[in-house]
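Asks: Structure supplied as target-v3.txt; contents: compact mmCIF, C-alpha atoms.
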# COMPACT_ATOMS: atom_id res chain seq x y z
CA MET A 1 149.74 -3.53 -33.15
CA SER A 2 146.48 -2.07 -31.87
CA ASN A 3 148.06 -0.39 -28.87
CA SER A 4 150.72 1.13 -30.99
CA THR A 5 148.24 2.47 -33.54
CA TYR A 6 146.17 3.95 -30.76
CA ASP A 7 149.23 5.70 -29.31
CA LYS A 8 150.14 7.00 -32.70
CA ASN A 9 146.80 8.65 -33.22
CA GLU A 10 146.72 9.96 -29.69
CA MET A 11 150.12 11.50 -30.32
CA GLY A 12 148.67 13.28 -33.32
CA VAL A 13 151.18 11.71 -35.66
CA GLN A 14 150.20 11.42 -39.29
CA ASN A 15 149.85 7.89 -40.52
CA ASN A 16 152.43 6.80 -43.05
CA PRO A 17 153.79 10.15 -44.10
CA VAL A 18 156.13 10.06 -47.07
CA VAL A 19 159.31 11.33 -45.50
CA SER A 20 162.27 12.74 -47.34
CA ARG A 21 165.64 11.14 -46.71
CA GLN A 22 166.88 14.37 -45.11
CA VAL A 23 164.04 14.54 -42.59
CA LYS A 24 164.47 10.86 -41.77
CA THR A 25 168.16 11.44 -41.13
CA ARG A 26 167.37 14.32 -38.80
CA LEU A 27 164.85 12.44 -36.65
CA PRO A 28 167.41 10.47 -34.60
CA ARG A 29 169.30 13.73 -34.09
CA TYR A 30 166.17 15.32 -32.63
CA TYR A 31 165.85 12.29 -30.40
CA ARG A 32 169.42 12.68 -29.15
CA TYR A 33 169.19 16.41 -28.54
CA LEU A 34 165.84 16.23 -26.82
CA LYS A 35 167.14 13.48 -24.58
CA GLU A 36 170.13 15.66 -23.68
CA LEU A 37 167.79 18.53 -22.81
CA LEU A 38 165.67 16.28 -20.61
CA ASP A 39 168.76 14.88 -18.91
CA ALA A 40 169.84 18.46 -18.23
CA GLY A 41 166.43 19.25 -16.72
CA ILE A 42 165.32 21.57 -19.53
CA TYR A 43 161.61 21.13 -20.18
CA ARG A 44 160.80 23.99 -22.52
CA ILE A 45 162.65 25.24 -25.59
CA SER A 46 161.99 27.65 -28.44
CA SER A 47 162.52 26.54 -32.03
CA GLY A 48 165.22 29.23 -32.22
CA LYS A 49 167.23 27.79 -29.34
CA LEU A 50 166.79 24.23 -30.52
CA ALA A 51 167.88 25.37 -33.98
CA LYS A 52 171.02 26.97 -32.60
CA MET A 53 171.94 23.80 -30.66
CA MET A 54 171.43 21.64 -33.72
CA ALA A 55 172.92 24.02 -36.28
CA LEU A 56 169.65 24.17 -38.23
CA THR A 57 167.36 27.12 -38.92
CA ALA A 58 164.33 27.73 -36.71
CA SER A 59 162.04 27.49 -39.71
CA GLN A 60 163.56 24.13 -40.67
CA ILE A 61 162.91 22.85 -37.15
CA ARG A 62 159.31 24.07 -37.25
CA GLN A 63 158.82 22.57 -40.69
CA ASP A 64 160.27 19.19 -39.68
CA LEU A 65 158.29 18.95 -36.50
CA ASN A 66 155.00 20.33 -37.86
CA TYR A 67 155.31 17.68 -40.52
CA PHE A 68 154.92 15.00 -37.89
CA GLY A 69 152.18 16.83 -36.09
CA CYS A 70 154.51 18.17 -33.39
CA PHE A 71 153.45 21.76 -32.89
CA GLY A 72 155.12 24.31 -30.65
CA GLN A 73 153.05 26.88 -28.82
CA GLN A 74 153.32 30.56 -29.71
CA GLY A 75 155.31 32.37 -27.03
CA TYR A 76 156.02 29.14 -25.17
CA GLY A 77 157.99 27.05 -27.61
CA TYR A 78 158.11 23.27 -27.38
CA ASN A 79 157.35 21.13 -24.36
CA VAL A 80 160.54 19.04 -24.40
CA LYS A 81 159.08 16.05 -22.59
CA TYR A 82 156.06 15.86 -24.86
CA LEU A 83 158.16 16.43 -27.98
CA PHE A 84 160.59 13.70 -26.92
CA ALA A 85 157.67 11.34 -26.40
CA GLN A 86 156.33 12.18 -29.86
CA ILE A 87 159.68 11.71 -31.60
CA SER A 88 160.20 8.45 -29.69
CA GLU A 89 156.83 7.28 -30.89
CA ILE A 90 157.53 8.27 -34.51
CA LEU A 91 160.85 6.41 -34.38
CA GLY A 92 159.18 3.32 -33.00
CA VAL A 93 161.01 3.38 -29.65
CA ASN A 94 157.81 2.12 -28.02
CA ASP A 95 157.23 -0.66 -30.52
CA LYS A 96 159.15 -3.24 -28.45
CA LEU A 97 161.13 -4.46 -31.45
CA THR A 98 163.35 -7.50 -31.05
CA ALA A 99 166.84 -7.99 -32.49
CA VAL A 100 169.41 -10.71 -33.05
CA ILE A 101 173.11 -10.36 -33.88
CA ILE A 102 174.48 -12.57 -36.65
CA GLY A 103 178.23 -13.04 -36.30
CA VAL A 104 179.89 -12.81 -32.90
CA GLY A 105 183.24 -11.37 -33.96
CA ASN A 106 184.68 -8.27 -32.33
CA LEU A 107 182.02 -5.91 -33.57
CA GLY A 108 179.15 -8.30 -32.83
CA ARG A 109 180.49 -8.82 -29.34
CA ALA A 110 180.93 -5.08 -28.82
CA MET A 111 177.32 -4.49 -29.86
CA ALA A 112 176.02 -7.27 -27.63
CA GLN A 113 177.76 -5.70 -24.64
CA SER A 114 176.70 -2.13 -25.35
CA ASN A 115 173.37 -0.56 -24.46
CA ILE A 116 172.73 0.53 -28.03
CA PHE A 117 169.60 -1.64 -28.30
CA LEU A 118 168.18 -1.24 -24.82
CA SER A 119 168.51 2.55 -24.86
CA ARG A 120 166.31 2.61 -27.96
CA GLY A 121 163.64 0.27 -26.65
CA ILE A 122 164.91 -2.74 -28.61
CA ASN A 123 165.17 -6.14 -27.00
CA LEU A 124 168.28 -8.08 -28.08
CA ILE A 125 167.14 -11.68 -27.75
CA ALA A 126 169.88 -13.84 -29.25
CA LEU A 127 173.27 -14.06 -30.94
CA PHE A 128 174.23 -16.45 -33.74
CA ASP A 129 177.54 -17.79 -34.94
CA LYS A 130 178.89 -20.85 -36.72
CA SER A 131 181.93 -21.33 -34.48
CA GLU A 132 181.77 -24.44 -32.26
CA GLU A 133 183.81 -22.56 -29.68
CA LEU A 134 181.18 -19.85 -29.33
CA ILE A 135 177.92 -21.78 -29.64
CA GLY A 136 176.28 -22.27 -26.25
CA LYS A 137 178.25 -19.49 -24.55
CA GLU A 138 176.67 -16.27 -23.32
CA ILE A 139 177.52 -12.60 -23.77
CA SER A 140 175.86 -10.16 -21.39
CA GLY A 141 173.26 -12.81 -20.61
CA LYS A 142 172.42 -13.47 -24.28
CA CYS A 143 172.97 -16.99 -25.59
CA ILE A 144 175.00 -17.68 -28.74
CA TYR A 145 173.09 -20.11 -30.96
CA ASP A 146 174.25 -22.22 -33.88
CA ILE A 147 173.57 -20.30 -37.09
CA GLU A 148 172.24 -23.56 -38.54
CA ASN A 149 169.27 -23.17 -36.21
CA LEU A 150 168.40 -19.62 -37.28
CA GLU A 151 165.23 -20.59 -39.15
CA ALA A 152 164.02 -22.81 -36.32
CA PHE A 153 164.65 -20.03 -33.82
CA MET A 154 162.77 -17.53 -35.96
CA LYS A 155 159.78 -19.85 -36.16
CA ASP A 156 159.54 -19.79 -32.38
CA HIS A 157 160.57 -16.17 -31.79
CA HIS A 158 159.47 -13.01 -33.51
CA VAL A 159 162.60 -11.24 -34.79
CA ASP A 160 162.29 -7.71 -36.15
CA VAL A 161 165.91 -6.68 -36.69
CA ALA A 162 168.95 -8.74 -37.66
CA VAL A 163 172.35 -7.12 -37.15
CA LEU A 164 174.87 -8.42 -39.68
CA THR A 165 178.36 -8.46 -38.22
CA LEU A 166 179.60 -11.53 -40.06
CA THR A 167 182.11 -11.99 -42.88
CA SER A 168 181.40 -9.92 -46.00
CA SER A 169 181.22 -12.95 -48.28
CA GLN A 170 178.30 -14.30 -46.24
CA ALA A 171 176.31 -11.09 -46.15
CA GLN A 172 174.19 -11.58 -49.25
CA PRO A 173 173.24 -15.25 -48.70
CA MET A 174 172.45 -14.45 -45.04
CA ALA A 175 170.20 -11.57 -46.10
CA LYS A 176 168.25 -13.98 -48.31
CA ARG A 177 167.90 -16.48 -45.45
CA LEU A 178 166.70 -13.76 -43.12
CA GLU A 179 164.21 -12.51 -45.69
CA SER A 180 162.76 -16.01 -46.11
CA ALA A 181 162.61 -16.44 -42.34
CA GLY A 182 160.55 -13.25 -42.06
CA VAL A 183 162.89 -10.64 -40.63
CA ARG A 184 161.64 -7.04 -40.97
CA GLY A 185 164.90 -5.12 -40.99
CA ILE A 186 168.60 -5.70 -41.55
CA TRP A 187 171.27 -3.50 -39.98
CA ASN A 188 174.25 -4.35 -42.10
CA PHE A 189 177.86 -3.76 -41.06
CA THR A 190 179.54 -6.10 -43.55
CA ASN A 191 180.67 -3.45 -46.07
CA VAL A 192 178.76 -5.33 -48.78
CA GLU A 193 175.82 -3.23 -49.96
CA ILE A 194 172.65 -5.25 -49.49
CA PRO A 195 170.03 -3.96 -51.91
CA LYS A 196 166.52 -3.07 -50.74
CA MET A 197 164.22 -6.05 -50.51
CA LYS A 198 160.49 -6.12 -50.99
CA SER A 199 159.47 -6.78 -47.43
CA VAL A 200 162.70 -6.09 -45.55
CA SER A 201 164.09 -2.66 -44.69
CA VAL A 202 167.86 -2.47 -45.00
CA MET A 203 170.29 -0.03 -43.44
CA ASN A 204 173.81 -0.42 -44.79
CA VAL A 205 176.43 1.10 -42.51
CA TYR A 206 179.89 1.87 -43.80
CA MET A 207 182.08 2.77 -40.86
CA GLY A 208 185.00 3.38 -43.20
CA ASP A 209 183.15 6.11 -45.09
CA SER A 210 183.20 8.50 -42.15
CA LEU A 211 186.89 7.74 -41.61
CA MET A 212 187.58 8.70 -45.22
CA GLN A 213 185.58 11.90 -44.86
CA LEU A 214 187.71 12.73 -41.85
CA CYS A 215 190.90 12.09 -43.84
CA PHE A 216 189.54 14.33 -46.57
CA ASP A 217 188.89 17.10 -44.03
CA ILE A 218 192.42 16.72 -42.66
CA ARG A 219 193.78 17.04 -46.17
CA GLN A 220 191.73 20.23 -46.71
CA GLN A 221 193.27 21.67 -43.51
CA THR A 222 196.70 21.10 -45.01
CA SER A 223 195.73 22.88 -48.23
CA ASP A 224 194.41 25.81 -46.21
CA GLU A 225 197.63 26.03 -44.21
CA ASN A 226 199.80 25.88 -47.30
CA GLU A 227 198.12 28.79 -48.98
CA MET B 1 204.10 16.94 -47.67
CA SER B 2 206.03 17.86 -50.81
CA ASN B 3 205.54 14.46 -52.43
CA SER B 4 201.88 14.54 -51.74
CA THR B 5 201.47 18.02 -53.19
CA TYR B 6 203.32 16.94 -56.29
CA ASP B 7 201.08 13.91 -56.75
CA LYS B 8 198.06 16.07 -56.27
CA ASN B 9 199.01 18.43 -59.07
CA GLU B 10 200.04 15.59 -61.34
CA MET B 11 196.63 14.04 -60.78
CA GLY B 12 195.07 17.25 -61.99
CA VAL B 13 193.20 17.72 -58.75
CA GLN B 14 192.20 21.25 -57.86
CA ASN B 15 193.87 22.60 -54.76
CA ASN B 16 191.58 23.18 -51.84
CA PRO B 17 188.23 23.10 -53.61
CA VAL B 18 185.31 24.15 -51.44
CA VAL B 19 183.33 20.96 -51.40
CA SER B 20 179.68 20.66 -50.51
CA ARG B 21 178.76 18.28 -47.73
CA GLN B 22 176.83 16.13 -50.21
CA VAL B 23 179.79 15.72 -52.55
CA LYS B 24 182.08 14.95 -49.63
CA THR B 25 179.68 12.27 -48.48
CA ARG B 26 179.64 10.72 -51.93
CA LEU B 27 183.44 10.52 -52.33
CA PRO B 28 183.92 7.44 -50.10
CA ARG B 29 181.06 5.80 -51.99
CA TYR B 30 182.86 6.38 -55.30
CA TYR B 31 185.94 4.89 -53.68
CA ARG B 32 184.04 1.75 -52.64
CA TYR B 33 182.29 1.26 -55.97
CA LEU B 34 185.42 1.83 -58.03
CA LYS B 35 187.30 -0.66 -55.86
CA GLU B 36 184.52 -3.19 -56.44
CA LEU B 37 184.77 -2.65 -60.20
CA LEU B 38 188.55 -3.09 -60.11
CA ASP B 39 188.22 -6.24 -58.00
CA ALA B 40 185.76 -7.55 -60.60
CA GLY B 41 188.26 -6.82 -63.39
CA ILE B 42 186.23 -3.98 -64.93
CA TYR B 43 188.56 -1.27 -66.20
CA ARG B 44 186.26 0.99 -68.16
CA ILE B 45 182.81 2.34 -67.30
CA SER B 46 180.44 4.96 -68.67
CA SER B 47 178.97 7.60 -66.39
CA GLY B 48 175.57 6.07 -67.18
CA LYS B 49 176.53 2.61 -65.93
CA LEU B 50 178.30 3.96 -62.86
CA ALA B 51 175.23 6.09 -62.15
CA LYS B 52 172.96 3.05 -62.34
CA MET B 53 175.18 1.07 -59.95
CA MET B 54 175.25 3.93 -57.48
CA ALA B 55 171.63 5.05 -57.84
CA LEU B 56 172.68 8.54 -58.97
CA THR B 57 172.12 10.32 -62.28
CA ALA B 58 174.81 10.29 -64.96
CA SER B 59 174.94 14.06 -64.95
CA GLN B 60 175.45 14.09 -61.19
CA ILE B 61 178.36 11.67 -61.57
CA ARG B 62 179.93 13.80 -64.31
CA GLN B 63 179.43 16.95 -62.26
CA ASP B 64 180.96 15.41 -59.09
CA LEU B 65 183.94 13.98 -60.90
CA ASN B 66 184.61 16.94 -63.21
CA TYR B 67 184.65 19.03 -60.09
CA PHE B 68 187.77 17.23 -58.94
CA GLY B 69 189.35 17.31 -62.37
CA CYS B 70 188.38 13.69 -63.14
CA PHE B 71 187.18 13.80 -66.74
CA GLY B 72 185.72 10.90 -68.66
CA GLN B 73 186.50 10.49 -72.35
CA GLN B 74 183.73 10.91 -74.93
CA GLY B 75 182.69 7.49 -76.24
CA TYR B 76 185.03 5.71 -73.86
CA GLY B 77 183.79 6.64 -70.41
CA TYR B 78 186.00 6.52 -67.37
CA ASN B 79 189.24 4.61 -66.95
CA VAL B 80 188.38 2.86 -63.67
CA LYS B 81 191.96 2.34 -62.54
CA TYR B 82 192.90 5.96 -63.17
CA LEU B 83 189.69 7.26 -61.59
CA PHE B 84 190.22 5.07 -58.51
CA ALA B 85 193.76 6.46 -58.19
CA GLN B 86 192.41 9.99 -58.45
CA ILE B 87 189.68 9.48 -55.87
CA SER B 88 192.17 7.75 -53.56
CA GLU B 89 194.45 10.74 -53.91
CA ILE B 90 191.64 13.21 -53.22
CA LEU B 91 190.65 11.25 -50.12
CA GLY B 92 194.21 11.23 -48.88
CA VAL B 93 194.65 7.45 -49.07
CA ASN B 94 198.28 8.04 -50.14
CA ASP B 95 199.02 10.51 -47.35
CA LYS B 96 200.30 7.83 -44.98
CA LEU B 97 198.27 9.16 -42.07
CA THR B 98 198.80 7.67 -38.61
CA ALA B 99 196.13 6.83 -36.05
CA VAL B 100 195.78 5.90 -32.40
CA ILE B 101 192.80 4.41 -30.59
CA ILE B 102 191.82 5.95 -27.25
CA GLY B 103 189.86 3.48 -25.14
CA VAL B 104 190.32 -0.25 -25.55
CA GLY B 105 186.81 -1.41 -24.74
CA ASN B 106 184.88 -3.69 -27.05
CA LEU B 107 184.59 -1.23 -29.90
CA GLY B 108 188.21 -0.07 -29.61
CA ARG B 109 189.37 -3.66 -29.61
CA ALA B 110 187.16 -4.50 -32.60
CA MET B 111 188.63 -1.57 -34.53
CA ALA B 112 192.20 -2.50 -33.61
CA GLN B 113 191.65 -6.01 -34.95
CA SER B 114 189.90 -4.96 -38.14
CA ASN B 115 191.57 -3.82 -41.35
CA ILE B 116 189.58 -0.59 -41.46
CA PHE B 117 192.72 1.56 -41.16
CA LEU B 118 195.12 -0.46 -43.27
CA SER B 119 192.69 -0.78 -46.17
CA ARG B 120 192.54 3.02 -46.35
CA GLY B 121 196.28 3.62 -46.17
CA ILE B 122 196.23 4.59 -42.48
CA ASN B 123 198.85 3.28 -40.08
CA LEU B 124 197.44 2.41 -36.65
CA ILE B 125 200.44 2.96 -34.39
CA ALA B 126 199.18 2.68 -30.81
CA LEU B 127 196.29 2.09 -28.42
CA PHE B 128 195.69 3.90 -25.15
CA ASP B 129 193.75 3.01 -22.04
CA LYS B 130 193.78 3.77 -18.34
CA SER B 131 193.23 0.21 -17.15
CA GLU B 132 196.23 -1.36 -15.40
CA GLU B 133 195.09 -4.72 -16.72
CA LEU B 134 195.37 -3.60 -20.32
CA ILE B 135 198.45 -1.35 -20.28
CA GLY B 136 201.47 -3.12 -21.76
CA LYS B 137 199.42 -5.77 -23.56
CA GLU B 138 199.18 -5.99 -27.35
CA ILE B 139 196.27 -6.27 -29.75
CA SER B 140 197.09 -7.33 -33.29
CA GLY B 141 200.69 -6.33 -32.69
CA LYS B 142 199.81 -2.84 -31.42
CA CYS B 143 200.85 -1.96 -27.88
CA ILE B 144 198.37 -0.56 -25.33
CA TYR B 145 199.93 2.46 -23.61
CA ASP B 146 198.95 4.26 -20.43
CA ILE B 147 196.68 7.17 -21.31
CA GLU B 148 198.73 9.26 -18.86
CA ASN B 149 201.58 9.07 -21.38
CA LEU B 150 199.53 10.31 -24.35
CA GLU B 151 201.22 13.72 -24.56
CA ALA B 152 204.71 12.23 -24.23
CA PHE B 153 203.89 9.70 -26.97
CA MET B 154 202.59 12.42 -29.26
CA LYS B 155 205.78 14.42 -28.80
CA ASP B 156 207.76 11.50 -30.13
CA HIS B 157 205.28 10.25 -32.74
CA HIS B 158 203.30 12.15 -35.31
CA VAL B 159 199.61 11.31 -34.79
CA ASP B 160 197.08 12.44 -37.38
CA VAL B 161 193.88 10.71 -36.26
CA ALA B 162 192.64 9.82 -32.78
CA VAL B 163 189.77 7.35 -32.57
CA LEU B 164 187.65 8.00 -29.48
CA THR B 165 186.14 4.79 -28.16
CA LEU B 166 186.24 5.68 -24.49
CA THR B 167 183.49 6.53 -22.00
CA SER B 168 181.20 9.38 -23.05
CA SER B 169 181.96 11.46 -19.97
CA GLN B 170 185.63 11.57 -20.95
CA ALA B 171 185.08 12.53 -24.57
CA GLN B 172 185.21 16.30 -24.26
CA PRO B 173 188.25 16.57 -21.94
CA MET B 174 190.08 14.03 -24.10
CA ALA B 175 189.33 16.06 -27.23
CA LYS B 176 190.92 19.10 -25.55
CA ARG B 177 194.01 17.10 -24.59
CA LEU B 178 194.33 15.78 -28.12
CA GLU B 179 193.95 19.27 -29.56
CA SER B 180 196.72 20.61 -27.31
CA ALA B 181 198.93 17.67 -28.21
CA GLY B 182 198.55 18.49 -31.91
CA VAL B 183 196.20 15.84 -33.31
CA ARG B 184 194.74 16.69 -36.73
CA GLY B 185 191.51 14.73 -36.68
CA ILE B 186 189.17 13.06 -34.19
CA TRP B 187 186.94 10.12 -35.17
CA ASN B 188 184.47 10.15 -32.32
CA PHE B 189 182.30 7.17 -31.33
CA THR B 190 181.37 8.31 -27.84
CA ASN B 191 177.86 9.60 -28.62
CA VAL B 192 178.84 12.98 -27.20
CA GLU B 193 178.92 15.55 -29.99
CA ILE B 194 182.38 17.11 -30.07
CA PRO B 195 182.13 20.57 -31.64
CA LYS B 196 184.45 21.61 -34.47
CA MET B 197 187.79 22.89 -33.28
CA LYS B 198 189.99 25.48 -34.93
CA SER B 199 192.79 23.20 -35.99
CA VAL B 200 191.22 19.76 -35.55
CA SER B 201 188.76 18.10 -37.91
CA VAL B 202 186.07 16.16 -36.11
CA MET B 203 183.85 13.36 -37.37
CA ASN B 204 181.14 12.42 -34.88
CA VAL B 205 179.70 8.97 -35.54
CA TYR B 206 176.36 7.98 -34.05
CA MET B 207 175.89 4.29 -34.63
CA GLY B 208 172.50 4.44 -32.96
CA ASP B 209 171.16 6.94 -35.49
CA SER B 210 171.19 4.42 -38.33
CA LEU B 211 169.51 1.87 -36.06
CA MET B 212 166.73 4.36 -35.37
CA GLN B 213 166.32 5.09 -39.07
CA LEU B 214 165.96 1.37 -39.62
CA CYS B 215 163.29 1.15 -36.91
CA PHE B 216 161.51 4.07 -38.54
CA ASP B 217 161.57 2.27 -41.91
CA ILE B 218 160.20 -0.88 -40.28
CA ARG B 219 157.41 1.17 -38.77
CA GLN B 220 156.60 2.66 -42.20
CA GLN B 221 156.36 -0.88 -43.63
CA THR B 222 153.74 -1.67 -41.03
CA SER B 223 151.74 1.43 -41.92
CA ASP B 224 151.90 0.48 -45.59
CA GLU B 225 150.68 -3.05 -44.85
CA ASN B 226 147.84 -1.80 -42.70
CA GLU B 227 146.43 0.41 -45.43
Would you write out, as structure tokens, the structure that this file holds?
Replies:
Amino acid sequence: MSNSTYDKNEMGVQNNPVVSRQVKTRLPRYYRYLKELLDAGIYRISSGKLAKMMALTASQIRQDLNYFGCFGQQGYGYNVKYLFAQISEILGVNDKLTAVIIGVGNLGRAMAQSNIFLSRGINLIALFDKSEELIGKEISGKCIYDIENLEAFMKDHHVDVAVLTLTSSQAQPMAKRLESAGVRGIWNFTNVEIPKMKSVSVMNVYMGDSLMQLCFDIRQQTSDENE
Amino acid sequence: MSNSTYDKNEMGVQNNPVVSRQVKTRLPRYYRYLKELLDAGIYRISSGKLAKMMALTASQIRQDLNYFGCFGQQGYGYNVKYLFAQISEILGVNDKLTAVIIGVGNLGRAMAQSNIFLSRGINLIALFDKSEELIGKEISGKCIYDIENLEAFMKDHHVDVAVLTLTSSQAQPMAKRLESAGVRGIWNFTNVEIPKMKSVSVMNVYMGDSLMQLCFDIRQQTSDENE
């Protein structure tokens, strides 16, 4: 971790800031927007323009970014490349985290074939399943291992993130196994809410929730039209 | 829509309430938790107990639910079955919405094979792709149509929701086509932010954002341990 700590200080990032849920939620958005700017060849941006793009206020942007030690320059704005590097650092993109996928169903397979890990600096190192038909096969160059051998694998390989794309009923027992085996984070897609654990960060994702919000919005449209 | 409007009034739900983003985000959570309670055979719950389950305050629960005309009974609490029916109604679960999936890659296929639509009262009626190899095939009983025929299909079939699981570069032009063809909502997984449209509700989903929040949490753990 020494390299990483050194970078962090060099970047001027505060150590262990207590971050509100709202700010945390906005960080990946900053990452996305800054990447878009860079891809478009834009290397300098004012907080006002960035705010407009992101539908925030300029003062909110300044507040968020100052908070992490990312300061714009009066009359110049933000250096996009530098800011992107800072946000990447804060989000741990340079930490070379490793991940495994537990459950090679449709979603697990889709994730294994996407660049969702690689594009965020995460190394997907293995897939696990219990199905005899899948064990030993490869997806996008990643081997599918027998879930029985999870603990043995994790003794030999450092695993930071486990992606849970297995059956809901197995989510909770699997989380316990992963905790015992020393995983650091669980990205959970099973629709079963896994509670926070002492030494494991958990991110529960409910794909259906955003679908329901969309349905709600559609319903509101109808009410508007009927009035 | 007349049936639906009737149900809505009978349920005592306010027409077209202006709902804050926070409340809207919580509604699908209420739906999930109430379903869990029902599945567990729990038919009555106090706002205090529901609050504890959901990590909210009792007064926040009462405020959210009162807002939609869902009142608990003093000394009795909430009737879970009735409340679930109300929330379902508010979220449009009884509206018999229809959906199509645009782009039958890994994620599109995973969605087509899941019960994410059915379990929320949505009827998935078709899939679309441009690949000759896929057109005419079926996934879970749903036919894959040529994307060229999207407009013709939408003339013959009412489509409420389009799920975008196609290549990012095609997201924006496809959204325009869907708007012209009369879609009511777009559930967008392409990582390209589709801006709000006049007559189309849009829900942009960034799967990677939650992964980055998880990485951030993992990084915070490390800082905590190092102190």
Asks: What residues in chain A have any atom no more than 6 Å from chain B when counting all atoms listed in the file, and can you write them as a short mmCIF file (atom, residue, chain, number, x, y, z; two decimals) with C-alpha atoms, in the coordinates of the input?
Replies:
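Resulting contents of out-v5.cif:
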data_model
loop_
_atom_site.label_atom_id
_atom_site.label_comp_id
_atom_site.auth_asym_id
_atom_site.auth_seq_id
_atom_site.Cartn_x
_atom_site.Cartn_y
_atom_site.Cartn_z
CA ASN A 16 152.43 6.80 -43.05
CA PRO A 28 167.41 10.47 -34.60
CA LEU A 91 160.85 6.41 -34.38
CA ASN A 106 184.68 -8.27 -32.33
CA LEU A 107 182.02 -5.91 -33.57
CA ALA A 110 180.93 -5.08 -28.82
CA MET A 203 170.29 -0.03 -43.44
CA ASP A 209 183.15 6.11 -45.09
CA LEU A 214 187.71 12.73 -41.85
CA PHE A 216 189.54 14.33 -46.57
CA GLN A 220 191.73 20.23 -46.71
CA SER A 223 195.73 22.88 -48.23
#
Asks: So that I can see what lies close to segment 137-146 of chain B, please list as a VMD selection string the residues with an atom at most 10 Å from it, counting all atoms listed in the file and leaving out residues fewer than 6 positions away in the same chain.
Replies: chain B and resid 100 to 104 109 to 110 112 to 114 124 to 131 153
Asks: Show me, as a PyMOL selection string, the residues that have an atom within 12 Å of segment 49-51 of chain A when counting only C-alpha atoms, minus same-chain residues fewer than 2 positions from it.
Replies: chain A and resi 29-34+36-37+42-47+53-65+72+77-80+83
Asks: Mind dumping the selected residues with C-alpha atoms as a compact mmCIF listing (two decimals), in the coordinates of the input?
Replies:
# COMPACT_ATOMS: atom_id res chain seq x y z
CA ARG A 29 169.30 13.73 -34.09
CA TYR A 30 166.17 15.32 -32.63
CA TYR A 31 165.85 12.29 -30.40
CA ARG A 32 169.42 12.68 -29.15
CA TYR A 33 169.19 16.41 -28.54
CA LEU A 34 165.84 16.23 -26.82
CA GLU A 36 170.13 15.66 -23.68
CA LEU A 37 167.79 18.53 -22.81
CA ILE A 42 165.32 21.57 -19.53
CA TYR A 43 161.61 21.13 -20.18
CA ARG A 44 160.80 23.99 -22.52
CA ILE A 45 162.65 25.24 -25.59
CA SER A 46 161.99 27.65 -28.44
CA SER A 47 162.52 26.54 -32.03
CA MET A 53 171.94 23.80 -30.66
CA MET A 54 171.43 21.64 -33.72
CA ALA A 55 172.92 24.02 -36.28
CA LEU A 56 169.65 24.17 -38.23
CA THR A 57 167.36 27.12 -38.92
CA ALA A 58 164.33 27.73 -36.71
CA SER A 59 162.04 27.49 -39.71
CA GLN A 60 163.56 24.13 -40.67
CA ILE A 61 162.91 22.85 -37.15
CA ARG A 62 159.31 24.07 -37.25
CA GLN A 63 158.82 22.57 -40.69
CA ASP A 64 160.27 19.19 -39.68
CA LEU A 65 158.29 18.95 -36.50
CA GLY A 72 155.12 24.31 -30.65
CA GLY A 77 157.99 27.05 -27.61
CA TYR A 78 158.11 23.27 -27.38
CA ASN A 79 157.35 21.13 -24.36
CA VAL A 80 160.54 19.04 -24.40
CA LEU A 83 158.16 16.43 -27.98
Asks: I want to know what sits within 12 Å of Asp156 of chain A, based on all atoms listed in the file, with residues of the same chain fewer than 5 positions away left out; could you give that as a ChimeraX atom specification?
Replies: /A:149-151,181-182
Asks: B:Leu178, B:Gly48, B:Thr98, B:Ala152: which is nearest Gly75 of chain B, counting all atoms listed in the file?
Replies: B:Gly48
Asks: How far is it from atom CA of Ala99 of chain B to atom CA of Val159 of chain B, in Å with one decimal?
Replies: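 Taking atom CA of Ala99 of chain B as the start and atom CA of Val159 of chain B as the end point, the length is 5.8 Å.
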